[in-house]
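Okay, coords14.cif is below, mmCIF, all heavy atoms:
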data_upload
#
loop_
_atom_site.label_atom_id
_atom_site.label_comp_id
_atom_site.auth_asym_id
_atom_site.auth_seq_id
_atom_site.Cartn_x
_atom_site.Cartn_y
_atom_site.Cartn_z
N MET A 1 -37.98 79.30 157.45
CA MET A 1 -39.41 79.56 157.25
C MET A 1 -39.85 80.67 158.20
O MET A 1 -39.41 80.73 159.35
CB MET A 1 -40.20 78.28 157.53
CG MET A 1 -41.63 78.33 157.03
SD MET A 1 -42.43 76.72 157.15
CE MET A 1 -43.34 76.94 158.65
N GLU A 2 -40.72 81.53 157.74
CA GLU A 2 -41.20 82.65 158.55
C GLU A 2 -42.10 82.15 159.67
O GLU A 2 -43.00 81.35 159.45
CB GLU A 2 -41.97 83.62 157.66
CG GLU A 2 -42.27 84.93 158.33
CD GLU A 2 -42.94 85.90 157.36
OE1 GLU A 2 -42.44 86.00 156.22
OE2 GLU A 2 -43.93 86.51 157.73
N HIS A 3 -41.81 82.61 160.90
CA HIS A 3 -42.60 82.20 162.04
C HIS A 3 -43.81 83.13 162.18
O HIS A 3 -43.65 84.34 162.29
CB HIS A 3 -41.75 82.25 163.31
CG HIS A 3 -42.45 81.73 164.52
ND1 HIS A 3 -42.83 80.41 164.64
CD2 HIS A 3 -42.88 82.36 165.62
CE1 HIS A 3 -43.44 80.25 165.80
NE2 HIS A 3 -43.48 81.42 166.41
N GLN A 4 -45.00 82.55 162.18
CA GLN A 4 -46.21 83.36 162.26
C GLN A 4 -46.65 83.49 163.71
O GLN A 4 -46.54 82.56 164.50
CB GLN A 4 -47.34 82.72 161.45
CG GLN A 4 -47.11 82.80 159.95
CD GLN A 4 -48.34 82.32 159.19
OE1 GLN A 4 -48.85 81.26 159.46
NE2 GLN A 4 -48.77 83.12 158.26
N ARG A 5 -47.17 84.67 164.04
CA ARG A 5 -47.66 84.92 165.39
C ARG A 5 -49.03 85.56 165.32
O ARG A 5 -49.32 86.36 164.43
CB ARG A 5 -46.71 85.82 166.16
CG ARG A 5 -45.44 85.11 166.56
CD ARG A 5 -44.55 85.96 167.37
NE ARG A 5 -43.96 86.99 166.53
CZ ARG A 5 -42.99 87.81 166.94
NH1 ARG A 5 -42.53 87.72 168.16
NH2 ARG A 5 -42.51 88.71 166.13
N LEU A 6 -49.87 85.22 166.29
CA LEU A 6 -51.22 85.78 166.40
C LEU A 6 -51.36 86.44 167.76
O LEU A 6 -51.02 85.84 168.79
CB LEU A 6 -52.26 84.67 166.25
CG LEU A 6 -53.71 85.06 166.53
CD1 LEU A 6 -54.24 85.99 165.45
CD2 LEU A 6 -54.59 83.81 166.61
N VAL A 7 -51.84 87.67 167.77
CA VAL A 7 -52.13 88.37 169.02
C VAL A 7 -53.63 88.52 169.14
O VAL A 7 -54.28 89.04 168.23
CB VAL A 7 -51.44 89.75 169.06
CG1 VAL A 7 -51.85 90.50 170.32
CG2 VAL A 7 -49.94 89.60 169.00
N VAL A 8 -54.19 88.04 170.25
CA VAL A 8 -55.63 88.12 170.50
C VAL A 8 -55.86 89.07 171.67
O VAL A 8 -55.24 88.90 172.73
CB VAL A 8 -56.22 86.72 170.83
CG1 VAL A 8 -57.71 86.82 171.13
CG2 VAL A 8 -55.98 85.76 169.68
N ILE A 9 -56.72 90.05 171.50
CA ILE A 9 -57.08 90.96 172.58
C ILE A 9 -58.42 90.51 173.15
O ILE A 9 -59.44 90.55 172.45
CB ILE A 9 -57.19 92.42 172.09
CG1 ILE A 9 -55.94 92.83 171.28
CG2 ILE A 9 -57.43 93.36 173.27
CD1 ILE A 9 -54.65 92.80 172.08
N GLY A 10 -58.42 90.07 174.40
CA GLY A 10 -59.65 89.61 175.05
C GLY A 10 -59.64 88.11 175.21
O GLY A 10 -59.54 87.38 174.22
N GLY A 11 -59.71 87.63 176.46
CA GLY A 11 -59.61 86.20 176.72
C GLY A 11 -60.91 85.57 177.19
O GLY A 11 -60.88 84.56 177.90
N ASN A 12 -62.05 86.16 176.77
CA ASN A 12 -63.31 85.50 177.09
C ASN A 12 -63.66 84.55 175.95
O ASN A 12 -62.77 84.08 175.25
CB ASN A 12 -64.40 86.56 177.33
CG ASN A 12 -65.49 86.04 178.27
OD1 ASN A 12 -65.46 84.90 178.70
ND2 ASN A 12 -66.45 86.87 178.56
N GLY A 13 -64.94 84.23 175.78
CA GLY A 13 -65.34 83.21 174.80
C GLY A 13 -64.84 83.48 173.40
O GLY A 13 -64.29 82.58 172.74
N GLY A 14 -65.04 84.69 172.94
CA GLY A 14 -64.66 85.02 171.56
C GLY A 14 -63.17 84.90 171.33
O GLY A 14 -62.72 84.28 170.36
N GLY A 15 -62.38 85.49 172.22
CA GLY A 15 -60.93 85.49 172.05
C GLY A 15 -60.32 84.10 172.16
O GLY A 15 -59.47 83.72 171.35
N MET A 16 -60.76 83.34 173.17
CA MET A 16 -60.17 82.02 173.35
C MET A 16 -60.64 81.04 172.27
O MET A 16 -59.88 80.15 171.88
CB MET A 16 -60.51 81.49 174.75
CG MET A 16 -59.88 82.32 175.86
SD MET A 16 -58.12 82.60 175.67
CE MET A 16 -57.48 81.09 176.37
N SER A 17 -61.88 81.23 171.77
CA SER A 17 -62.33 80.40 170.64
C SER A 17 -61.47 80.67 169.41
O SER A 17 -61.08 79.73 168.70
CB SER A 17 -63.79 80.69 170.31
OG SER A 17 -64.63 80.29 171.35
N ALA A 18 -61.19 81.95 169.17
CA ALA A 18 -60.37 82.30 168.01
C ALA A 18 -58.96 81.71 168.16
O ALA A 18 -58.41 81.17 167.20
CB ALA A 18 -60.30 83.81 167.88
N ALA A 19 -58.40 81.81 169.38
CA ALA A 19 -57.06 81.27 169.61
C ALA A 19 -57.04 79.76 169.42
O ALA A 19 -56.11 79.21 168.80
CB ALA A 19 -56.59 81.64 171.02
N ALA A 20 -58.06 79.07 169.95
CA ALA A 20 -58.10 77.61 169.85
C ALA A 20 -58.25 77.17 168.39
O ALA A 20 -57.60 76.22 167.94
CB ALA A 20 -59.25 77.06 170.69
N GLN A 21 -59.10 77.88 167.66
CA GLN A 21 -59.32 77.53 166.26
C GLN A 21 -58.05 77.77 165.44
O GLN A 21 -57.69 76.96 164.57
CB GLN A 21 -60.47 78.35 165.69
CG GLN A 21 -61.13 77.71 164.50
CD GLN A 21 -62.50 78.30 164.21
OE1 GLN A 21 -63.12 78.92 165.06
NE2 GLN A 21 -62.97 78.11 163.00
N ALA A 22 -57.37 78.87 165.71
CA ALA A 22 -56.13 79.17 164.99
C ALA A 22 -55.07 78.11 165.29
O ALA A 22 -54.33 77.68 164.41
CB ALA A 22 -55.63 80.56 165.38
N ARG A 23 -54.98 77.68 166.56
CA ARG A 23 -54.00 76.66 166.94
C ARG A 23 -54.29 75.33 166.25
O ARG A 23 -53.38 74.62 165.82
CB ARG A 23 -53.99 76.49 168.46
CG ARG A 23 -53.17 75.33 169.00
CD ARG A 23 -51.72 75.31 168.56
NE ARG A 23 -50.99 76.52 168.82
CZ ARG A 23 -50.44 76.87 169.97
NH1 ARG A 23 -50.53 76.07 171.00
NH2 ARG A 23 -49.80 77.99 170.10
N ARG A 24 -55.58 74.99 166.14
CA ARG A 24 -55.93 73.73 165.45
C ARG A 24 -55.50 73.81 163.99
O ARG A 24 -55.07 72.80 163.40
CB ARG A 24 -57.44 73.48 165.54
CG ARG A 24 -57.86 72.96 166.88
CD ARG A 24 -59.33 72.52 166.89
NE ARG A 24 -59.86 72.68 168.24
CZ ARG A 24 -60.69 73.64 168.61
NH1 ARG A 24 -61.17 74.49 167.73
NH2 ARG A 24 -61.09 73.72 169.86
N GLY A 25 -55.65 74.97 163.38
CA GLY A 25 -55.29 75.13 161.97
C GLY A 25 -53.80 75.17 161.74
O GLY A 25 -53.33 74.81 160.66
N ASN A 26 -53.05 75.61 162.75
CA ASN A 26 -51.60 75.72 162.62
C ASN A 26 -50.95 75.48 163.98
O ASN A 26 -50.81 76.39 164.79
CB ASN A 26 -51.22 77.11 162.10
CG ASN A 26 -49.72 77.25 161.91
OD1 ASN A 26 -48.95 76.34 162.24
ND2 ASN A 26 -49.31 78.39 161.40
N PRO A 27 -50.56 74.23 164.26
CA PRO A 27 -50.01 73.87 165.57
C PRO A 27 -48.73 74.64 165.92
O PRO A 27 -48.37 74.73 167.10
CB PRO A 27 -49.72 72.37 165.44
CG PRO A 27 -50.57 71.90 164.32
CD PRO A 27 -50.71 73.07 163.38
N ASP A 28 -48.04 75.18 164.92
CA ASP A 28 -46.79 75.90 165.18
C ASP A 28 -46.98 77.39 165.38
O ASP A 28 -46.02 78.13 165.60
CB ASP A 28 -45.82 75.68 164.01
CG ASP A 28 -45.45 74.21 163.86
OD1 ASP A 28 -45.35 73.52 164.89
OD2 ASP A 28 -45.29 73.75 162.72
N LEU A 29 -48.22 77.84 165.30
CA LEU A 29 -48.50 79.27 165.41
C LEU A 29 -48.21 79.76 166.82
O LEU A 29 -48.62 79.15 167.81
CB LEU A 29 -49.98 79.51 165.07
CG LEU A 29 -50.47 80.95 165.03
CD1 LEU A 29 -49.80 81.70 163.87
CD2 LEU A 29 -51.99 80.98 164.86
N GLY A 30 -47.48 80.86 166.92
CA GLY A 30 -47.26 81.50 168.22
C GLY A 30 -48.46 82.37 168.56
O GLY A 30 -48.85 83.21 167.75
N ILE A 31 -49.06 82.15 169.73
CA ILE A 31 -50.29 82.87 170.08
C ILE A 31 -50.09 83.56 171.43
O ILE A 31 -49.66 82.93 172.40
CB ILE A 31 -51.49 81.92 170.16
CG1 ILE A 31 -51.69 81.18 168.84
CG2 ILE A 31 -52.76 82.70 170.53
CD1 ILE A 31 -52.78 80.13 168.87
N ALA A 32 -50.44 84.84 171.48
CA ALA A 32 -50.45 85.58 172.74
C ALA A 32 -51.84 86.15 172.94
O ALA A 32 -52.39 86.77 172.02
CB ALA A 32 -49.42 86.71 172.71
N VAL A 33 -52.43 85.90 174.11
CA VAL A 33 -53.75 86.43 174.44
C VAL A 33 -53.59 87.45 175.56
O VAL A 33 -53.00 87.14 176.61
CB VAL A 33 -54.72 85.32 174.89
CG1 VAL A 33 -56.07 85.91 175.29
CG2 VAL A 33 -54.90 84.28 173.79
N PHE A 34 -54.10 88.66 175.35
CA PHE A 34 -54.07 89.70 176.37
C PHE A 34 -55.48 89.88 176.93
O PHE A 34 -56.40 90.19 176.17
CB PHE A 34 -53.57 91.02 175.78
CG PHE A 34 -52.12 90.98 175.40
CD1 PHE A 34 -51.74 90.60 174.12
CD2 PHE A 34 -51.14 91.31 176.32
CE1 PHE A 34 -50.40 90.55 173.76
CE2 PHE A 34 -49.80 91.27 175.97
CZ PHE A 34 -49.43 90.88 174.69
N GLU A 35 -55.62 89.65 178.22
CA GLU A 35 -56.92 89.81 178.89
C GLU A 35 -56.73 90.81 180.04
O GLU A 35 -55.85 90.63 180.88
CB GLU A 35 -57.42 88.46 179.40
CG GLU A 35 -58.58 88.54 180.36
CD GLU A 35 -59.76 89.33 179.83
OE1 GLU A 35 -60.19 89.08 178.70
OE2 GLU A 35 -60.25 90.22 180.56
N ARG A 36 -57.56 91.85 180.07
CA ARG A 36 -57.39 92.87 181.11
C ARG A 36 -57.93 92.43 182.46
O ARG A 36 -57.54 92.97 183.50
CB ARG A 36 -58.05 94.17 180.67
CG ARG A 36 -59.55 94.12 180.63
CD ARG A 36 -60.13 95.45 180.22
NE ARG A 36 -61.55 95.31 179.85
CZ ARG A 36 -62.26 96.28 179.31
NH1 ARG A 36 -61.69 97.43 179.05
NH2 ARG A 36 -63.53 96.08 178.99
N GLY A 37 -58.86 91.46 182.43
CA GLY A 37 -59.46 90.99 183.67
C GLY A 37 -58.63 89.88 184.31
O GLY A 37 -57.59 89.47 183.77
N PRO A 38 -59.10 89.35 185.47
CA PRO A 38 -58.34 88.34 186.20
C PRO A 38 -58.55 86.91 185.69
O PRO A 38 -57.82 86.00 186.11
CB PRO A 38 -58.86 88.47 187.64
CG PRO A 38 -60.26 88.98 187.48
CD PRO A 38 -60.25 89.84 186.24
N HIS A 39 -59.52 86.70 184.81
CA HIS A 39 -59.84 85.33 184.39
C HIS A 39 -59.92 85.24 182.86
O HIS A 39 -60.24 86.21 182.19
CB HIS A 39 -61.19 84.88 184.97
CG HIS A 39 -61.29 85.02 186.45
ND1 HIS A 39 -60.51 84.28 187.32
CD2 HIS A 39 -62.03 85.84 187.21
CE1 HIS A 39 -60.80 84.63 188.56
NE2 HIS A 39 -61.72 85.58 188.52
N VAL A 40 -59.65 84.03 182.35
CA VAL A 40 -59.86 83.75 180.93
C VAL A 40 -60.80 82.56 180.81
O VAL A 40 -60.90 81.74 181.73
CB VAL A 40 -58.54 83.46 180.17
CG1 VAL A 40 -57.64 84.68 180.18
CG2 VAL A 40 -57.84 82.25 180.75
N SER A 41 -61.48 82.49 179.66
CA SER A 41 -62.36 81.36 179.40
C SER A 41 -61.54 80.10 179.17
O SER A 41 -60.48 80.13 178.56
CB SER A 41 -63.20 81.66 178.15
OG SER A 41 -63.89 80.51 177.75
N TYR A 42 -62.02 78.95 179.67
CA TYR A 42 -61.29 77.70 179.48
C TYR A 42 -62.12 76.66 178.75
O TYR A 42 -61.68 75.54 178.57
CB TYR A 42 -60.82 77.13 180.82
CG TYR A 42 -61.94 76.87 181.81
CD1 TYR A 42 -62.65 75.68 181.79
CD2 TYR A 42 -62.27 77.83 182.75
CE1 TYR A 42 -63.67 75.45 182.68
CE2 TYR A 42 -63.30 77.61 183.65
CZ TYR A 42 -63.99 76.42 183.60
OH TYR A 42 -65.02 76.20 184.48
N ALA A 43 -63.34 77.01 178.35
CA ALA A 43 -64.21 76.03 177.69
C ALA A 43 -64.56 76.50 176.29
O ALA A 43 -65.63 76.21 175.79
CB ALA A 43 -65.48 75.80 178.50
N ALA A 44 -63.66 77.29 175.67
CA ALA A 44 -63.96 77.84 174.35
C ALA A 44 -63.78 76.79 173.26
O ALA A 44 -62.92 75.96 173.35
CB ALA A 44 -63.07 79.04 174.07
C1 LIG B 101 -76.64 91.24 179.94
C2 LIG B 101 -76.08 90.10 179.13
C3 LIG B 101 -76.50 88.80 179.39
C4 LIG B 101 -76.01 87.74 178.64
N1 LIG B 101 -76.45 86.49 178.94
C5 LIG B 101 -75.98 85.44 178.26
C6 LIG B 101 -76.39 84.11 178.57
O1 LIG B 101 -77.20 83.88 179.48
N2 LIG B 101 -75.89 83.07 177.86
C7 LIG B 101 -75.00 83.29 176.82
O2 LIG B 101 -74.57 82.32 176.21
N3 LIG B 101 -74.58 84.54 176.51
C8 LIG B 101 -75.06 85.62 177.19
N4 LIG B 101 -74.64 86.87 176.86
C9 LIG B 101 -73.75 87.03 175.76
C10 LIG B 101 -72.35 86.72 176.16
O3 LIG B 101 -71.95 87.38 177.35
C11 LIG B 101 -71.47 87.24 175.05
O4 LIG B 101 -71.95 86.80 173.79
C12 LIG B 101 -70.04 86.73 175.17
O5 LIG B 101 -69.52 87.01 176.46
C13 LIG B 101 -69.19 87.45 174.15
O6 LIG B 101 -67.87 87.04 174.34
P1 LIG B 101 -66.73 87.84 173.71
O7 LIG B 101 -65.46 87.10 174.02
O8 LIG B 101 -67.01 88.09 172.26
O9 LIG B 101 -66.79 89.28 174.39
P2 LIG B 101 -66.64 89.66 175.93
O10 LIG B 101 -67.33 88.69 176.82
O11 LIG B 101 -67.06 91.11 176.01
O12 LIG B 101 -65.07 89.53 176.20
C14 LIG B 101 -64.17 90.50 175.81
C15 LIG B 101 -62.94 90.34 176.70
O13 LIG B 101 -61.97 91.25 176.24
C16 LIG B 101 -61.36 91.84 177.38
N5 LIG B 101 -60.84 93.12 176.94
C17 LIG B 101 -61.52 94.16 176.44
N6 LIG B 101 -60.69 95.16 176.12
C18 LIG B 101 -59.44 94.72 176.42
C19 LIG B 101 -58.15 95.30 176.31
N7 LIG B 101 -57.97 96.54 175.84
N8 LIG B 101 -57.06 94.59 176.70
C20 LIG B 101 -57.22 93.33 177.18
N9 LIG B 101 -58.42 92.72 177.32
C21 LIG B 101 -59.52 93.42 176.93
C22 LIG B 101 -62.44 91.95 178.41
O14 LIG B 101 -61.93 92.00 179.72
C23 LIG B 101 -63.23 90.66 178.17
O15 LIG B 101 -62.77 89.58 178.96
C24 LIG B 101 -75.08 87.96 177.59
C25 LIG B 101 -74.66 89.27 177.33
C26 LIG B 101 -75.11 90.33 178.09
C27 LIG B 101 -74.65 91.74 177.80
#

Would you write the structure of this file as structure tokens?
Ligand SMILES: Cc1cc2nc3c(=O)[nH]c(=O)nc-3n(C[C@H](O)[C@H](O)[C@H](O)COP(=O)(O)OP(=O)(O)OC[C@H]3O[C@@H](n4cnc5c(N)ncnc54)[C@H](O)[C@@H]3O)c2cc1C
Amino acid sequence: MEHQRLVVIGGNGGGMSAAAQARRGNPDLGIAVFERGPHVSYAA
């Protein structure tokens, strides 16, 4: 089976919400989040 991957640019509210929602929809999805700053959102 083809392994799906998602790349998210930006780890603030928008990016982490998108990543969390995608993971809920597909627990096997490979997700990489790139954030240029020192912190990412943890309450998305
Ligand atoms: C002056 C002001 C006041 C606000 N006050 C409030 C408030 O009181 N309450 C409220 O709920 N909302 C407030 N907002 C709105 C809130 O900040 C935004 O709606 C929210 O932060 C948007 O989140 P976002 O993830 O979409 O974008 P952003 O917060 O802009 O996050 C984008 C992220 O992407 C990263 N990024 C960008 N380019 C790259 C790159 N090339 N590579 C890697 N990472 C990258 C950035 O470092 C950043 O972390 C305010 C906005 C402004 C401008």

**Message:** Calculated over all heavy atoms, which of the candidates A:Val8, A:Ser17, A:Gly25, A:Phe34 has the smallest distance to ligand LIG 101 (chain B)?
**Reply:** A:Phe34

Cut-off 6 Å: closest chain A/ligand LIG 101 (chain B) atom pairs per residue, using all heavy atoms, as CSV:
residue,atom,partner,partner_atom,distance
A:Ile9,CG2,B:LIG101,N8,3.7
A:Gly10,CA,B:LIG101,O13,3.1
A:Gly11,N,B:LIG101,C15,4.2
A:Asn12,ND2,B:LIG101,O10,2.7
A:Gly13,N,B:LIG101,O7,3.4
A:Gly14,N,B:LIG101,O7,2.7
A:Gly15,N,B:LIG101,O7,3.9
A:Phe34,O,B:LIG101,C20,3.4
A:Glu35,OE2,B:LIG101,O14,2.6
A:Arg36,N,B:LIG101,N9,3.0
A:Gly37,N,B:LIG101,O14,4.1
A:His39,O,B:LIG101,O15,5.3

**Message:** as a VMD selection string, please: every residue in chain A that a backbone DSSP assignment puts in alpha helix (DSSP H).
**Reply:** chain A and resid 13 to 25

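Distance-wise, atom O of Leu29 (chain A) and CE1 of His3 (chain A) end up 5.7 Å apart.
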
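Minimum distance to Gln4 (chain A) across A:Val40, A:Val33, A:Ala20, A:Asp28 (counting all atoms listed in the file) occurs at A:Asp28.
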
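For the atom pair formed by CA of Leu6 (chain A) and CA of Ile31 (chain A), the distance is 4.8 Å, given to one decimal.
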
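Between atom C of Asn26 (chain A) and CA of Pro38 (chain A) the interatomic distance comes to 26.7 Å.
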
Report, as lines of an AutoDock Vina configuration file, the axis-aligned box around all atoms of region 20-32 of chain A present in the file, extended by 8 Å on each side; give centre and edge lengths in Å to one decimal place.
center_x = -54.2
center_y = 79.3
center_z = 166.8
size_x = 33.8
size_y = 30.9
size_z = 28.3

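DSSP annotation of chain A from backbone atoms: strand (DSSP E) residues are A:Arg5, A:Leu6, A:Val7, A:Val8, A:Ile9, A:Gly30, A:Ile31, A:Ala32, A:Val33, A:Phe34.
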